$ cat target-v2.pdb   # PDB, C-alpha atoms
MODEL        1
ATOM      1  CA  ARG Q1367    -105.759 187.525 221.784  1.00  0.00           C
ATOM      2  CA  TYR Q1368    -105.595 186.101 218.260  1.00  0.00           C
ATOM      3  CA  LEU Q1369    -109.149 186.861 217.252  1.00  0.00           C
ATOM      4  CA  THR Q1370    -110.481 190.363 217.154  1.00  0.00           C
ATOM      5  CA  THR Q1371    -113.904 191.745 216.427  1.00  0.00           C
ATOM      6  CA  SER Q1372    -115.646 195.021 216.851  1.00  0.00           C
ATOM      7  CA  TRP Q1373    -118.716 193.146 218.034  1.00  0.00           C
ATOM      8  CA  GLU Q1374    -119.919 193.436 221.587  1.00  0.00           C
ATOM      9  CA  ILE Q1375    -120.888 189.958 222.710  1.00  0.00           C
ATOM     10  CA  ALA Q1376    -123.697 189.624 225.247  1.00  0.00           C
ATOM     11  CA  ALA Q1377    -125.281 186.478 226.636  1.00  0.00           C
ATOM     12  CA  ASP Q1378    -127.981 185.414 229.041  1.00  0.00           C
ATOM     13  CA  TRP Q1379    -129.829 182.164 229.550  1.00  0.00           C
ATOM     14  CA  GLY Q1380    -133.594 181.975 229.617  1.00  0.00           C
ATOM     15  CA  ASP Q1381    -134.460 185.679 229.985  1.00  0.00           C
ATOM     16  CA  GLU Q1382    -136.638 186.410 226.972  1.00  0.00           C
ATOM     17  CA  ALA Q1383    -137.308 190.027 228.022  1.00  0.00           C
ATOM     18  CA  TRP Q1384    -133.550 190.658 228.081  1.00  0.00           C
ATOM     19  CA  LEU Q1385    -133.153 188.973 224.699  1.00  0.00           C
ATOM     20  CA  ARG Q1386    -135.896 191.054 223.070  1.00  0.00           C
ATOM     21  CA  GLN Q1387    -134.165 194.212 224.303  1.00  0.00           C
ATOM     22  CA  GLU Q1388    -130.770 193.060 223.027  1.00  0.00           C
ATOM     23  CA  LEU Q1389    -132.231 192.042 219.649  1.00  0.00           C
ATOM     24  CA  ARG Q1390    -133.089 195.670 218.893  1.00  0.00           C
ATOM     25  CA  GLY Q1391    -129.453 196.456 218.069  1.00  0.00           C
ATOM     26  CA  ALA Q1392    -128.093 192.987 217.348  1.00  0.00           C
ATOM     27  CA  ASP Q1393    -126.252 192.151 214.125  1.00  0.00           C
ATOM     28  CA  ALA Q1394    -126.081 188.412 214.845  1.00  0.00           C
ATOM     29  CA  LEU Q1395    -127.816 185.882 217.073  1.00  0.00           C
ATOM     30  CA  LEU Q1396    -126.658 182.420 218.120  1.00  0.00           C
ATOM     31  CA  ALA Q1397    -129.805 180.432 218.903  1.00  0.00           C
ATOM     32  CA  ASN Q1398    -131.627 177.168 218.248  1.00  0.00           C
ATOM     33  CA  ARG Q1399    -134.906 178.896 217.477  1.00  0.00           C
ATOM     34  CA  PHE Q1400    -136.329 182.157 216.182  1.00  0.00           C
ATOM     35  CA  PRO Q1401    -140.036 182.581 216.961  1.00  0.00           C
ATOM     36  CA  CYS Q1402    -141.920 184.782 214.490  1.00  0.00           C
ATOM     37  CA  ASP Q1403    -142.724 187.364 217.182  1.00  0.00           C
ATOM     38  CA  TRP Q1404    -138.997 188.173 217.549  1.00  0.00           C
ATOM     39  CA  LYS Q1405    -138.874 189.668 214.027  1.00  0.00           C
ATOM     40  CA  GLN Q1406    -140.219 193.031 215.165  1.00  0.00           C
ATOM     41  CA  SER Q1407    -137.374 193.380 217.687  1.00  0.00           C
ATOM     42  CA  ALA Q1408    -134.657 192.050 215.358  1.00  0.00           C
ATOM     43  CA  ARG Q1409    -134.865 194.587 212.535  1.00  0.00           C
ATOM     44  CA  HIS Q1410    -131.070 194.905 212.161  1.00  0.00           C
ATOM     45  CA  LEU Q1411    -130.269 191.200 212.378  1.00  0.00           C
ATOM     46  CA  LYS Q1412    -127.866 190.132 209.624  1.00  0.00           C
ATOM     47  CA  ALA Q1413    -127.043 186.582 210.718  1.00  0.00           C
ATOM     48  CA  LEU Q1414    -128.790 183.815 212.635  1.00  0.00           C
ATOM     49  CA  LEU Q1415    -126.238 181.190 213.669  1.00  0.00           C
ATOM     50  CA  ILE Q1416    -127.729 177.843 214.626  1.00  0.00           C
ATOM     51  CA  PRO Q1417    -125.380 175.607 216.660  1.00  0.00           C
ATOM     52  CA  GLY Q1418    -126.832 172.376 215.341  1.00  0.00           C
ATOM     53  CA  ALA Q1419    -126.975 170.324 212.172  1.00  0.00           C
ATOM     54  CA  GLY Q1420    -129.925 169.679 209.941  1.00  0.00           C
ATOM     55  CA  LEU Q1421    -132.713 171.857 208.661  1.00  0.00           C
ATOM     56  CA  PRO Q1422    -133.890 174.312 211.304  1.00  0.00           C
ATOM     57  CA  ALA Q1423    -137.605 174.732 211.924  1.00  0.00           C
ATOM     58  CA  ILE Q1424    -137.423 178.418 211.047  1.00  0.00           C
ATOM     59  CA  ASP Q1425    -139.546 180.117 208.422  1.00  0.00           C
ATOM     60  CA  ALA Q1426    -137.488 182.556 206.330  1.00  0.00           C
ATOM     61  CA  ALA Q1427    -140.492 184.909 206.315  1.00  0.00           C
ATOM     62  CA  ASP Q1428    -140.053 185.290 210.089  1.00  0.00           C
ATOM     63  CA  LEU Q1429    -136.548 186.747 209.657  1.00  0.00           C
ATOM     64  CA  PRO Q1430    -135.525 190.263 208.643  1.00  0.00           C
ATOM     65  CA  ALA Q1431    -135.116 190.563 204.856  1.00  0.00           C
ATOM     66  CA  GLU Q1432    -131.289 190.573 204.716  1.00  0.00           C
ATOM     67  CA  CYS Q1433    -130.683 187.984 207.443  1.00  0.00           C
ATOM     68  CA  VAL Q1434    -128.775 184.828 206.516  1.00  0.00           C
ATOM     69  CA  VAL Q1435    -129.107 181.546 208.397  1.00  0.00           C
ATOM     70  CA  THR Q1436    -126.182 179.196 208.985  1.00  0.00           C
ATOM     71  CA  ASN Q1437    -125.785 175.970 210.892  1.00  0.00           C
ATOM     72  CA  VAL Q1438    -122.974 173.543 211.596  1.00  0.00           C
ATOM     73  CA  HIS Q1439    -122.181 170.607 209.362  1.00  0.00           C
ATOM     74  CA  GLU Q1440    -119.524 167.944 208.895  1.00  0.00           C
ATOM     75  CA  HIS Q1441    -121.371 165.457 211.102  1.00  0.00           C
ATOM     76  CA  ALA Q1442    -121.787 162.745 208.464  1.00  0.00           C
ATOM     77  CA  ALA Q1443    -118.441 160.972 208.908  1.00  0.00           C
ATOM     78  CA  PRO Q1444    -118.411 160.916 212.733  1.00  0.00           C
ATOM     79  CA  VAL Q1445    -122.032 159.715 212.843  1.00  0.00           C
ATOM     80  CA  ALA Q1446    -121.342 157.017 210.264  1.00  0.00           C
ATOM     81  CA  GLU Q1447    -118.260 155.869 212.196  1.00  0.00           C
ATOM     82  CA  TYR Q1448    -120.230 155.743 215.424  1.00  0.00           C
ATOM     83  CA  VAL Q1449    -123.024 153.700 213.871  1.00  0.00           C
TER      84      VAL Q1449
ENDMDL
END
$ encode --input "target-v2.pdb" --output "structure tokens"
Amino acid sequence: RYLTTSWEIAADWGDEAWLRQELRGADALLANRFPCDWKQSARHLKALLIPGAGLPAIDAADLPAECVVTNVHEHAAPVAEYV
């Protein structure tokens, strides 16, 4: 109700054939990985959102030219407090 977007959000778990089809028109992808063979399907991808901290094991050459990669951060204080 408070957030609006013109994006159509689609999700599936573990169906790589479905994902490859959806990547053809996707602007953004939330994923922990991006294998190099997905690049051909993801020509319009503008953002890869990684729901984890740290440096992802993704080669920028495997992504479409204009795609940006983001991940989550702000884990330092909670981890330090836990330790």
$ closest_residue --input "target-v2.pdb" --among "Q:Cys1433, Q:Ala1394, Q:Val1438, Q:Leu1389" --to "Gln1406 in chain Q" --atoms "all atoms listed in the file"
Q:Leu1389
$ residues_around --input "target-v2.pdb" --residues "Asp1403 in chain Q" --least-positions-apart "4" --cutoff "12 Å" --atoms "all atoms listed in the file" --output "list in words"
Glu1382, Arg1386, Leu1389, Arg1399, Ser1407, Ala1408, Arg1409, Asp1425, Ala1427, Asp1428, Leu1429 and Pro1430 of chain Q
$ atom_distance --input "target-v2.pdb" --atom1 "CA of Cys1402 in chain Q" --atom2 "CA of Pro1422 in chain Q"
13.6 Å
$ atom_distance --input "target-v2.pdb" --atom1 "CA of Val1435 in chain Q" --atom2 "CA of Asp1381 in chain Q"
22.6 Å
$ residues_around --input "target-v2.pdb" --residues "Asp1378 in chain Q" --least-positions-apart "4" --cutoff "12 Å" --atoms "only C-alpha atoms" --output "PyMOL selection string"
chain Q and resi 1382-1388+1395-1397
$ atom_distance --input "target-v2.pdb" --atom1 "CA of Ala1413 in chain Q" --atom2 "CA of Ile1375 in chain Q"
13.9 Å
$ closest_residue --input "target-v2.pdb" --among "Q:Ala1419, Q:Trp1373, Q:Ala1426, Q:His1439" --to "Asp1393 in chain Q" --atoms "all atoms listed in the file"
Q:Trp1373
$ decode --input "target-v2.pdb" --residues "chain Q" --atoms "C-alpha atoms" --output "CSV table (one decimal), in the first residue's frame"
chain,number,residue,atom,x,y,z
Q,1367,ARG,CA,0.0,0.0,0.0
Q,1368,TYR,CA,2.8,2.5,0.8
Q,1369,LEU,CA,5.3,1.3,-1.8
Q,1370,THR,CA,4.5,1.4,-5.4
Q,1371,THR,CA,6.4,0.2,-8.4
Q,1372,SER,CA,5.7,-0.4,-12.1
Q,1373,TRP,CA,7.8,-3.6,-11.9
Q,1374,GLU,CA,6.1,-6.9,-12.2
Q,1375,ILE,CA,7.6,-9.2,-9.6
Q,1376,ALA,CA,7.9,-12.9,-10.4
Q,1377,ALA,CA,9.5,-15.7,-8.4
Q,1378,ASP,CA,10.2,-19.4,-8.5
Q,1379,TRP,CA,12.5,-21.6,-6.6
Q,1380,GLY,CA,14.9,-24.0,-8.3
Q,1381,ASP,CA,13.5,-23.9,-11.9
Q,1382,GLU,CA,16.4,-22.7,-14.0
Q,1383,ALA,CA,14.4,-23.1,-17.3
Q,1384,TRP,CA,11.8,-20.7,-15.9
Q,1385,LEU,CA,14.4,-18.3,-14.7
Q,1386,ARG,CA,16.2,-18.2,-18.1
Q,1387,GLN,CA,12.9,-17.4,-19.8
Q,1388,GLU,CA,12.1,-14.6,-17.2
Q,1389,LEU,CA,15.6,-13.2,-17.6
Q,1390,ARG,CA,14.9,-12.2,-21.2
Q,1391,GLY,CA,12.8,-9.2,-20.1
Q,1392,ALA,CA,14.1,-8.7,-16.6
Q,1393,ASP,CA,15.4,-5.3,-15.4
Q,1394,ALA,CA,16.5,-6.7,-12.0
Q,1395,LEU,CA,17.4,-10.0,-10.4
Q,1396,LEU,CA,17.6,-10.9,-6.7
Q,1397,ALA,CA,20.0,-13.9,-6.5
Q,1398,ASN,CA,23.1,-15.3,-4.8
Q,1399,ARG,CA,24.8,-16.2,-8.0
Q,1400,PHE,CA,25.0,-15.3,-11.7
Q,1401,PRO,CA,26.6,-18.0,-13.8
Q,1402,CYS,CA,28.3,-16.7,-17.0
Q,1403,ASP,CA,25.9,-18.7,-19.2
Q,1404,TRP,CA,22.9,-16.5,-18.0
Q,1405,LYS,CA,24.4,-13.4,-19.7
Q,1406,GLN,CA,22.9,-14.3,-23.1
Q,1407,SER,CA,19.4,-14.4,-21.6
Q,1408,ALA,CA,19.8,-11.3,-19.4
Q,1409,ARG,CA,20.6,-8.7,-22.0
Q,1410,HIS,CA,18.3,-6.1,-20.4
Q,1411,LEU,CA,19.4,-6.6,-16.8
Q,1412,LYS,CA,20.1,-3.3,-15.1
Q,1413,ALA,CA,20.6,-4.5,-11.5
Q,1414,LEU,CA,21.8,-7.7,-9.7
Q,1415,LEU,CA,20.8,-7.6,-6.1
Q,1416,ILE,CA,22.6,-10.0,-3.9
Q,1417,PRO,CA,21.0,-10.7,-0.5
Q,1418,GLY,CA,24.2,-11.3,1.3
Q,1419,ALA,CA,27.2,-9.4,2.6
Q,1420,GLY,CA,30.8,-9.7,1.4
Q,1421,LEU,CA,32.3,-9.8,-2.1
Q,1422,PRO,CA,30.2,-12.0,-4.4
Q,1423,ALA,CA,31.9,-14.6,-6.6
Q,1424,ILE,CA,30.6,-12.9,-9.7
Q,1425,ASP,CA,32.8,-11.8,-12.6
Q,1426,ALA,CA,31.7,-8.4,-13.9
Q,1427,ALA,CA,32.5,-9.6,-17.5
Q,1428,ASP,CA,29.7,-12.1,-17.1
Q,1429,LEU,CA,27.1,-9.4,-16.6
Q,1430,PRO,CA,25.4,-7.1,-19.2
Q,1431,ALA,CA,27.4,-3.9,-19.7
Q,1432,GLU,CA,25.1,-1.5,-17.8
Q,1433,CYS,CA,24.3,-3.9,-15.0
Q,1434,VAL,CA,25.1,-2.8,-11.4
Q,1435,VAL,CA,25.7,-5.2,-8.5
Q,1436,THR,CA,24.6,-4.4,-5.0
Q,1437,ASN,CA,24.7,-6.4,-1.8
Q,1438,VAL,CA,23.6,-5.8,1.8
Q,1439,HIS,CA,25.9,-4.4,4.4
Q,1440,GLU,CA,25.8,-3.0,8.0
Q,1441,HIS,CA,26.7,-6.4,9.4
Q,1442,ALA,CA,29.9,-5.3,11.2
Q,1443,ALA,CA,28.4,-4.0,14.5
Q,1444,PRO,CA,26.0,-7.0,15.0
Q,1445,VAL,CA,28.7,-9.5,14.2
Q,1446,ALA,CA,31.2,-7.8,16.5
Q,1447,GLU,CA,28.6,-7.7,19.3
Q,1448,TYR,CA,27.8,-11.3,18.9
Q,1449,VAL,CA,31.5,-12.3,19.0
